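Content type mmCIF, C-alpha atoms and all ligand atoms, from the file coords.cif:
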data_coords
loop_
_atom_site.group_PDB
_atom_site.id
_atom_site.type_symbol
_atom_site.label_atom_id
_atom_site.label_comp_id
_atom_site.auth_asym_id
_atom_site.auth_seq_id
_atom_site.Cartn_x
_atom_site.Cartn_y
_atom_site.Cartn_z
ATOM 1 C CA MET X 1 0.000 0.000 0.000
ATOM 2 C CA LEU X 2 1.324 3.460 -0.886
ATOM 3 C CA ASP X 3 1.112 4.845 2.626
ATOM 4 C CA LYS X 4 3.634 6.963 4.467
ATOM 5 C CA ASN X 5 5.452 3.895 5.812
ATOM 6 C CA TYR X 6 5.990 2.637 2.274
ATOM 7 C CA TRP X 7 7.673 5.921 1.331
ATOM 8 C CA GLN X 8 9.606 6.290 4.569
ATOM 9 C CA ASP X 9 11.025 2.780 4.035
ATOM 10 C CA ARG X 10 12.060 3.695 0.506
ATOM 11 C CA TYR X 11 14.145 6.564 1.942
ATOM 12 C CA LEU X 12 15.523 4.460 4.797
ATOM 13 C CA ASN X 13 16.521 1.720 2.325
ATOM 14 C CA ARG X 14 17.869 4.271 -0.140
ATOM 15 C CA GLN X 15 15.526 3.044 -2.898
ATOM 16 C CA THR X 16 14.960 6.458 -4.422
ATOM 17 C CA ALA X 17 15.588 5.981 -8.127
ATOM 18 C CA TRP X 18 13.120 8.821 -8.881
ATOM 19 C CA ASP X 19 15.418 11.367 -7.263
ATOM 20 C CA ALA X 20 17.087 13.468 -9.960
ATOM 21 C CA GLY X 21 19.795 14.490 -7.472
ATOM 22 C CA GLN X 22 19.364 18.168 -8.267
ATOM 23 C CA ILE X 23 16.754 20.602 -9.467
ATOM 24 C CA THR X 24 15.546 19.634 -12.945
ATOM 25 C CA PRO X 25 16.064 22.126 -15.822
ATOM 26 C CA PRO X 26 12.359 22.723 -16.589
ATOM 27 C CA ILE X 27 11.637 23.761 -13.025
ATOM 28 C CA GLN X 28 14.861 25.739 -12.693
ATOM 29 C CA THR X 29 13.958 27.645 -15.873
ATOM 30 C CA PHE X 30 10.572 28.461 -14.408
ATOM 31 C CA PHE X 31 12.093 29.666 -11.126
ATOM 32 C CA ASP X 32 14.681 31.780 -12.907
ATOM 33 C CA GLN X 33 12.010 34.062 -14.357
ATOM 34 C CA LEU X 34 10.314 34.701 -10.998
ATOM 35 C CA GLU X 35 11.134 38.112 -9.640
ATOM 36 C CA ALA X 36 9.352 38.419 -6.284
ATOM 37 C CA ARG X 37 11.432 36.665 -3.651
ATOM 38 C CA ASP X 38 8.495 36.730 -1.257
ATOM 39 C CA CYS X 39 6.057 34.689 -3.337
ATOM 40 C CA ARG X 40 4.625 31.714 -1.467
ATOM 41 C CA ILE X 41 5.651 28.409 -3.002
ATOM 42 C CA LEU X 42 4.553 24.916 -1.933
ATOM 43 C CA ILE X 43 6.389 21.769 -2.993
ATOM 44 C CA PRO X 44 4.202 18.761 -2.137
ATOM 45 C CA GLY X 45 5.674 15.248 -2.031
ATOM 46 C CA CYS X 46 8.964 17.076 -1.944
ATOM 47 C CA GLY X 47 11.270 14.202 -0.983
ATOM 48 C CA ASN X 48 14.810 15.520 -0.891
ATOM 49 C CA ALA X 49 13.492 18.838 -2.185
ATOM 50 C CA HIS X 50 16.271 19.946 -4.530
ATOM 51 C CA GLU X 51 13.882 22.633 -5.813
ATOM 52 C CA ALA X 52 13.655 24.122 -2.323
ATOM 53 C CA ALA X 53 17.428 24.118 -1.916
ATOM 54 C CA TYR X 54 17.703 26.050 -5.169
ATOM 55 C CA LEU X 55 15.076 28.602 -4.131
ATOM 56 C CA HIS X 56 16.539 28.967 -0.655
ATOM 57 C CA ASN X 57 19.968 29.687 -2.090
ATOM 58 C CA LYS X 58 18.433 32.326 -4.367
ATOM 59 C CA GLY X 59 16.818 34.146 -1.446
ATOM 60 C CA PHE X 60 13.218 32.978 -1.761
ATOM 61 C CA HIS X 61 12.004 32.880 1.820
ATOM 62 C CA GLN X 62 8.378 31.744 1.590
ATOM 63 C CA VAL X 63 9.029 28.215 0.398
ATOM 64 C CA PHE X 64 7.097 25.397 2.094
ATOM 65 C CA LEU X 65 7.766 21.690 1.814
ATOM 66 C CA CYS X 66 5.302 18.882 2.406
ATOM 67 C CA ASP X 67 6.049 15.200 2.617
ATOM 68 C CA TRP X 68 4.571 12.563 4.873
ATOM 69 C CA ALA X 69 7.893 10.698 5.042
ATOM 70 C CA SER X 70 9.945 12.335 7.784
ATOM 71 C CA LYS X 71 13.334 11.068 6.609
ATOM 72 C CA PRO X 72 13.866 13.380 3.616
ATOM 73 C CA LEU X 73 12.595 16.374 5.590
ATOM 74 C CA ALA X 74 15.038 15.598 8.405
ATOM 75 C CA ASN X 75 17.863 15.293 5.878
ATOM 76 C CA PHE X 76 16.893 18.622 4.354
ATOM 77 C CA ALA X 77 16.746 20.349 7.749
ATOM 78 C CA GLN X 78 20.217 19.073 8.552
ATOM 79 C CA GLN X 79 21.627 20.199 5.226
ATOM 80 C CA TYR X 80 19.940 23.623 5.275
ATOM 81 C CA PRO X 81 19.848 24.783 8.902
ATOM 82 C CA GLY X 82 18.864 28.298 7.777
ATOM 83 C CA PHE X 83 15.647 27.032 6.204
ATOM 84 C CA PRO X 84 12.669 27.784 8.512
ATOM 85 C CA GLU X 85 11.719 24.654 10.415
ATOM 86 C CA GLU X 86 8.046 25.657 10.393
ATOM 87 C CA HIS X 87 8.103 25.489 6.593
ATOM 88 C CA LEU X 88 8.875 21.760 6.716
ATOM 89 C CA ILE X 89 5.457 20.158 6.912
ATOM 90 C CA CYS X 90 5.451 16.440 7.622
ATOM 91 C CA ALA X 91 1.851 15.620 6.741
ATOM 92 C CA ASN X 92 -0.521 14.091 4.245
ATOM 93 C CA PHE X 93 -0.772 16.577 1.396
ATOM 94 C CA PHE X 94 -4.486 15.846 1.025
ATOM 95 C CA GLU X 95 -5.062 17.032 4.584
ATOM 96 C CA LEU X 96 -3.048 20.262 4.357
ATOM 97 C CA ASN X 97 -4.704 23.365 5.677
ATOM 98 C CA GLU X 98 -2.345 26.262 4.964
ATOM 99 C CA GLN X 99 -2.608 29.866 3.866
ATOM 100 C CA PRO X 100 -2.882 29.839 0.077
ATOM 101 C CA PHE X 101 0.162 29.789 -2.144
ATOM 102 C CA ASP X 102 1.143 31.643 -5.303
ATOM 103 C CA TYR X 103 2.690 28.524 -6.825
ATOM 104 C CA ILE X 104 2.575 24.790 -6.270
ATOM 105 C CA ILE X 105 5.418 22.850 -7.829
ATOM 106 C CA GLU X 106 4.945 19.372 -9.289
ATOM 107 C CA GLN X 107 8.005 17.134 -9.481
ATOM 108 C CA THR X 108 7.252 13.379 -9.425
ATOM 109 C CA PHE X 109 4.540 13.649 -6.785
ATOM 110 C CA PHE X 110 1.493 13.296 -9.054
ATOM 111 C CA CYS X 111 2.951 10.103 -10.545
ATOM 112 C CA ALA X 112 3.500 8.681 -7.058
ATOM 113 C CA ILE X 113 -0.084 8.834 -5.868
ATOM 114 C CA ALA X 114 -2.688 6.229 -6.770
ATOM 115 C CA PRO X 115 -4.349 7.163 -10.078
ATOM 116 C CA ASN X 116 -7.797 7.117 -8.488
ATOM 117 C CA LYS X 117 -6.713 10.126 -6.406
ATOM 118 C CA ARG X 118 -5.796 12.315 -9.369
ATOM 119 C CA GLY X 119 -9.060 14.231 -9.430
ATOM 120 C CA TYR X 120 -8.613 14.902 -5.758
ATOM 121 C CA TYR X 121 -5.055 16.126 -6.431
ATOM 122 C CA ALA X 122 -6.438 18.652 -8.947
ATOM 123 C CA GLU X 123 -8.999 19.834 -6.397
ATOM 124 C CA LYS X 124 -6.573 20.013 -3.502
ATOM 125 C CA THR X 125 -3.884 21.887 -5.411
ATOM 126 C CA ALA X 126 -6.486 24.436 -6.564
ATOM 127 C CA GLU X 127 -7.811 24.781 -3.015
ATOM 128 C CA LEU X 128 -4.310 25.625 -1.798
ATOM 129 C CA LEU X 129 -3.697 28.322 -4.432
ATOM 130 C CA ILE X 130 -4.656 31.990 -4.441
ATOM 131 C CA GLU X 131 -6.890 33.223 -7.257
ATOM 132 C CA ARG X 132 -4.720 33.152 -10.413
ATOM 133 C CA GLY X 133 -2.170 31.052 -8.543
ATOM 134 C CA GLN X 134 -0.398 28.422 -10.619
ATOM 135 C CA LEU X 135 0.339 24.720 -10.511
ATOM 136 C CA VAL X 136 3.627 24.284 -12.336
ATOM 137 C CA GLY X 137 5.803 21.313 -13.114
ATOM 138 C CA LEU X 138 6.167 17.970 -14.783
ATOM 139 C CA LEU X 139 3.875 15.068 -15.613
ATOM 140 C CA PHE X 140 4.872 11.859 -17.358
ATOM 141 C CA ASP X 141 4.084 11.654 -21.048
ATOM 142 C CA LYS X 142 4.241 7.913 -20.894
ATOM 143 C CA VAL X 143 2.114 4.938 -19.899
ATOM 144 C CA PHE X 144 4.251 2.472 -17.975
ATOM 145 C CA GLU X 145 3.856 -1.246 -18.610
ATOM 146 C CA GLN X 146 4.472 -2.276 -15.044
ATOM 147 C CA GLU X 147 2.331 -1.328 -12.068
ATOM 148 C CA GLY X 148 3.439 1.968 -10.462
ATOM 149 C CA PRO X 149 4.650 3.982 -8.833
ATOM 150 C CA PRO X 150 5.451 5.731 -11.035
ATOM 151 C CA PHE X 151 2.017 5.865 -12.632
ATOM 152 C CA GLY X 152 2.066 7.470 -16.059
ATOM 153 C CA GLY X 153 -0.690 8.866 -18.210
ATOM 154 C CA THR X 154 -1.713 10.794 -21.286
ATOM 155 C CA LYS X 155 -2.373 14.444 -22.009
ATOM 156 C CA LYS X 156 -6.015 13.662 -22.721
ATOM 157 C CA GLU X 157 -6.399 11.952 -19.371
ATOM 158 C CA TYR X 158 -4.635 14.775 -17.484
ATOM 159 C CA HIS X 159 -6.944 17.371 -19.000
ATOM 160 C CA THR X 160 -9.937 15.496 -17.604
ATOM 161 C CA TYR X 161 -8.702 16.212 -14.067
ATOM 162 C CA PHE X 162 -7.610 19.825 -14.409
ATOM 163 C CA ASP X 163 -9.844 21.490 -17.010
ATOM 164 C CA SER X 164 -12.973 21.737 -14.892
ATOM 165 C CA ILE X 165 -11.082 23.118 -11.892
ATOM 166 C CA TYR X 166 -8.458 25.486 -13.313
ATOM 167 C CA SER X 167 -9.320 28.394 -15.602
ATOM 168 C CA ASP X 168 -6.371 27.866 -17.949
ATOM 169 C CA VAL X 169 -4.544 24.549 -18.358
ATOM 170 C CA ARG X 170 -1.488 24.190 -20.567
ATOM 171 C CA ILE X 171 0.108 20.782 -20.917
ATOM 172 C CA GLU X 172 2.875 20.693 -23.494
ATOM 173 C CA PRO X 173 5.760 18.362 -24.352
ATOM 174 C CA CYS X 174 8.766 19.278 -22.251
ATOM 175 C CA TYR X 175 11.865 20.258 -24.247
ATOM 176 C CA ASN X 176 14.462 20.308 -21.472
ATOM 177 C CA SER X 177 13.820 17.197 -19.384
ATOM 178 C CA ILE X 178 16.701 15.391 -17.700
ATOM 179 C CA GLY X 179 18.307 12.723 -19.927
ATOM 180 C CA PRO X 180 16.412 9.626 -18.804
ATOM 181 C CA ARG X 181 13.051 11.428 -19.063
ATOM 182 C CA GLN X 182 13.609 13.092 -22.440
ATOM 183 C CA GLY X 183 10.577 12.776 -24.681
ATOM 184 C CA ALA X 184 8.605 11.328 -21.783
ATOM 185 C CA GLU X 185 7.435 14.416 -19.913
ATOM 186 C CA PHE X 186 4.923 17.195 -20.198
ATOM 187 C CA PHE X 187 5.291 20.613 -18.652
ATOM 188 C CA ILE X 188 2.070 21.666 -16.964
ATOM 189 C CA LEU X 189 1.154 25.263 -16.218
ATOM 190 C CA ALA X 190 -2.334 25.436 -14.777
ATOM 191 C CA THR X 191 -3.738 28.780 -13.639
ATOM 192 C CA LYS X 192 -6.559 28.854 -11.105
HETATM 193 C C1 LIG L 201 8.402 9.639 -6.140
HETATM 194 S S1 LIG L 201 8.717 10.552 -4.670
HETATM 195 C C2 LIG L 201 9.232 12.130 -5.314
HETATM 196 C C3 LIG L 201 10.021 12.951 -4.336
HETATM 197 C C4 LIG L 201 10.568 14.250 -4.912
HETATM 198 N N1 LIG L 201 9.521 15.117 -5.405
HETATM 199 C C5 LIG L 201 11.583 13.978 -5.982
HETATM 200 O O1 LIG L 201 11.314 14.257 -7.158
HETATM 201 O O2 LIG L 201 12.661 13.465 -5.653
HETATM 202 C C6 LIG L 201 7.084 10.872 -4.078
HETATM 203 C C7 LIG L 201 7.076 11.574 -2.746
HETATM 204 O O3 LIG L 201 5.746 11.899 -2.399
HETATM 205 C C8 LIG L 201 5.551 11.640 -1.019
HETATM 206 N N2 LIG L 201 4.116 11.406 -0.832
HETATM 207 C C9 LIG L 201 3.352 10.461 -1.433
HETATM 208 N N3 LIG L 201 2.077 10.592 -1.054
HETATM 209 C C10 LIG L 201 2.023 11.651 -0.198
HETATM 210 C C11 LIG L 201 0.984 12.298 0.498
HETATM 211 N N4 LIG L 201 -0.294 11.878 0.405
HETATM 212 N N5 LIG L 201 1.284 13.345 1.279
HETATM 213 C C12 LIG L 201 2.556 13.800 1.374
HETATM 214 N N6 LIG L 201 3.595 13.222 0.727
HETATM 215 C C13 LIG L 201 3.336 12.165 -0.059
HETATM 216 C C14 LIG L 201 6.438 10.434 -0.725
HETATM 217 O O4 LIG L 201 6.735 10.317 0.628
HETATM 218 C C15 LIG L 201 7.634 10.738 -1.598
HETATM 219 O O5 LIG L 201 8.597 11.493 -0.902
#

Here is a file; write its structure as structure tokens.
Amino acid sequence: MLDKNYWQDRYLNRQTAWDAGQITPPIQTFFDQLEARDCRILIPGCGNAHEAAYLHNKGFHQVFLCDWASKPLANFAQQYPGFPEEHLICANFFELNEQPFDYIIEQTFFCAIAPNKRGYYAEKTAELLIERGQLVGLLFDKVFEQEGPPFGGTKKEYHTYFDSIYSDVRIEPCYNSIGPRQGAEFFILATK
């Protein structure tokens, strides 16, 4: 079962093949055009949170991490002692109750949840965004043969979750994915 113990064990056993080891170029490119250092950014299912490390080093100070596995959050806190402890939220994303965010960043979290929760993911991300806030990141452009995680999908399927909830949903092939994911990712930019 894909519960928090499953994920915590994956970190404890160092079975984290999904971890790109650093911020991925599509998300870095998005961050690099943000000007306001005080925008509120949530990274759900953050794992080792390379995106947060990048933002922190660039002076963004309203970055919040959520993961229900405590291990990666503890590692992050140790590595970045200047990162506010209260921004490290060890909880079930679907139960989050936070002040709304300007941006929510998607990096291999959507593909890690059971596909029957995808509609709920679309609803929950929108609930956690301000009006005109944006969900930004990567979705697999691939249907995997073996049972997930990761769970893949198609553009058509993804639109069925987001179109009725967000006012503008762009899902396009990603041109600057990391090597192993080239040609197998979409970039999503969904505006509430
Ligand atoms: C495939 S990993 C991706 C981690 C990270 N984003 C990365 O790219 O390295 C999925 C992450 O989502 C977390 N996760 C899964 N379901 C969750 C939930 N309902 N609430 C919070 N975190 C969850 C797991 O603990 C895990 O760290």

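With distances restricted to all atoms listed in the file, X:Ala69 is the closest residue to ligand LIG 201 (chain L) from X:Ala69, X:Ile43, X:Leu34, X:Leu55.
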
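Closest to ligand LIG 201 (chain L) among X:Lys117, X:Lys142, X:Arg132, X:His87 is X:Lys117, based on all atoms listed in the file.
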
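Atom CA of Cys39 of chain X is found 7.5 Å from atom CA of Phe60 of chain X.
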
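Proximity ranking of X:Leu12, X:Ile165, X:Ile113, X:Ile178 relative to Glu127 of chain X places X:Ile165 first, based on all atoms listed in the file.
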
Distance of atom CA of Asp32 of chain X from atom CA of Ile188 of chain X, expressed in Å to one decimal place = 16.7 Å

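One finds atom CA of Asp3 of chain X at 24.7 Å from atom CA of Val136 of chain X.
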
Within 12 Å of segment 70-80 of chain X, which residues of segment 6-44 of chain X come that close, and what is the closest atom pair and distance in Å for each? Count only C-alpha atoms and give it as JSON lines.
{"residue": "X:Tyr6", "atom": "CA", "partner": "X:Ser70", "partner_atom": "CA", "distance": 11.8}
{"residue": "X:Trp7", "atom": "CA", "partner": "X:Lys71", "partner_atom": "CA", "distance": 9.3}
{"residue": "X:Gln8", "atom": "CA", "partner": "X:Lys71", "partner_atom": "CA", "distance": 6.4}
{"residue": "X:Asp9", "atom": "CA", "partner": "X:Lys71", "partner_atom": "CA", "distance": 9.0}
{"residue": "X:Arg10", "atom": "CA", "partner": "X:Lys71", "partner_atom": "CA", "distance": 9.7}
{"residue": "X:Tyr11", "atom": "CA", "partner": "X:Lys71", "partner_atom": "CA", "distance": 6.5}
{"residue": "X:Leu12", "atom": "CA", "partner": "X:Lys71", "partner_atom": "CA", "distance": 7.2}
{"residue": "X:Asn13", "atom": "CA", "partner": "X:Lys71", "partner_atom": "CA", "distance": 10.8}
{"residue": "X:Arg14", "atom": "CA", "partner": "X:Lys71", "partner_atom": "CA", "distance": 10.6}
{"residue": "X:Thr16", "atom": "CA", "partner": "X:Pro72", "partner_atom": "CA", "distance": 10.7}
{"residue": "X:Asp19", "atom": "CA", "partner": "X:Pro72", "partner_atom": "CA", "distance": 11.2}
{"residue": "X:Ile43", "atom": "CA", "partner": "X:Leu73", "partner_atom": "CA", "distance": 11.9}
{"residue": "X:Pro44", "atom": "CA", "partner": "X:Leu73", "partner_atom": "CA", "distance": 11.7}

Would you write out, as a PyMOL selection string, every residue that the PyMOL selection byres (((chain X and resi 45) around 8) and not hetatm) captures in this file?
-> chain X and resi 43-44+46-47+65-68+93+108-109

Written selection (C-alpha atoms) as a short mmCIF file (atom, residue, chain, number, x, y, z; two decimals), in the frame of the given file:
data_model
loop_
_atom_site.label_atom_id
_atom_site.label_comp_id
_atom_site.auth_asym_id
_atom_site.auth_seq_id
_atom_site.Cartn_x
_atom_site.Cartn_y
_atom_site.Cartn_z
CA ILE X 43 6.39 21.77 -2.99
CA PRO X 44 4.20 18.76 -2.14
CA CYS X 46 8.96 17.08 -1.94
CA GLY X 47 11.27 14.20 -0.98
CA LEU X 65 7.77 21.69 1.81
CA CYS X 66 5.30 18.88 2.41
CA ASP X 67 6.05 15.20 2.62
CA TRP X 68 4.57 12.56 4.87
CA PHE X 93 -0.77 16.58 1.40
CA THR X 108 7.25 13.38 -9.43
CA PHE X 109 4.54 13.65 -6.78
#

Taking (-3.6, 28.4, 2.5) in the file's coordinates, which residues come within 8 Å, counting only C-alpha atoms, written as a ChimeraX atom specification?
-> /X:97-101,127-130

Hits of the PyMOL selection byres (((chain X and resi 148) around 12) and not hetatm) in this structure, as a ChimeraX atom specification | /X:1-2,18,110-115,143-147,149-153

From the list X:Ala52, X:Ile27, X:Leu42, X:Ala91, the nearest residue to ligand LIG 201 (chain L) using only C-alpha atoms and all ligand atoms is X:Ala91
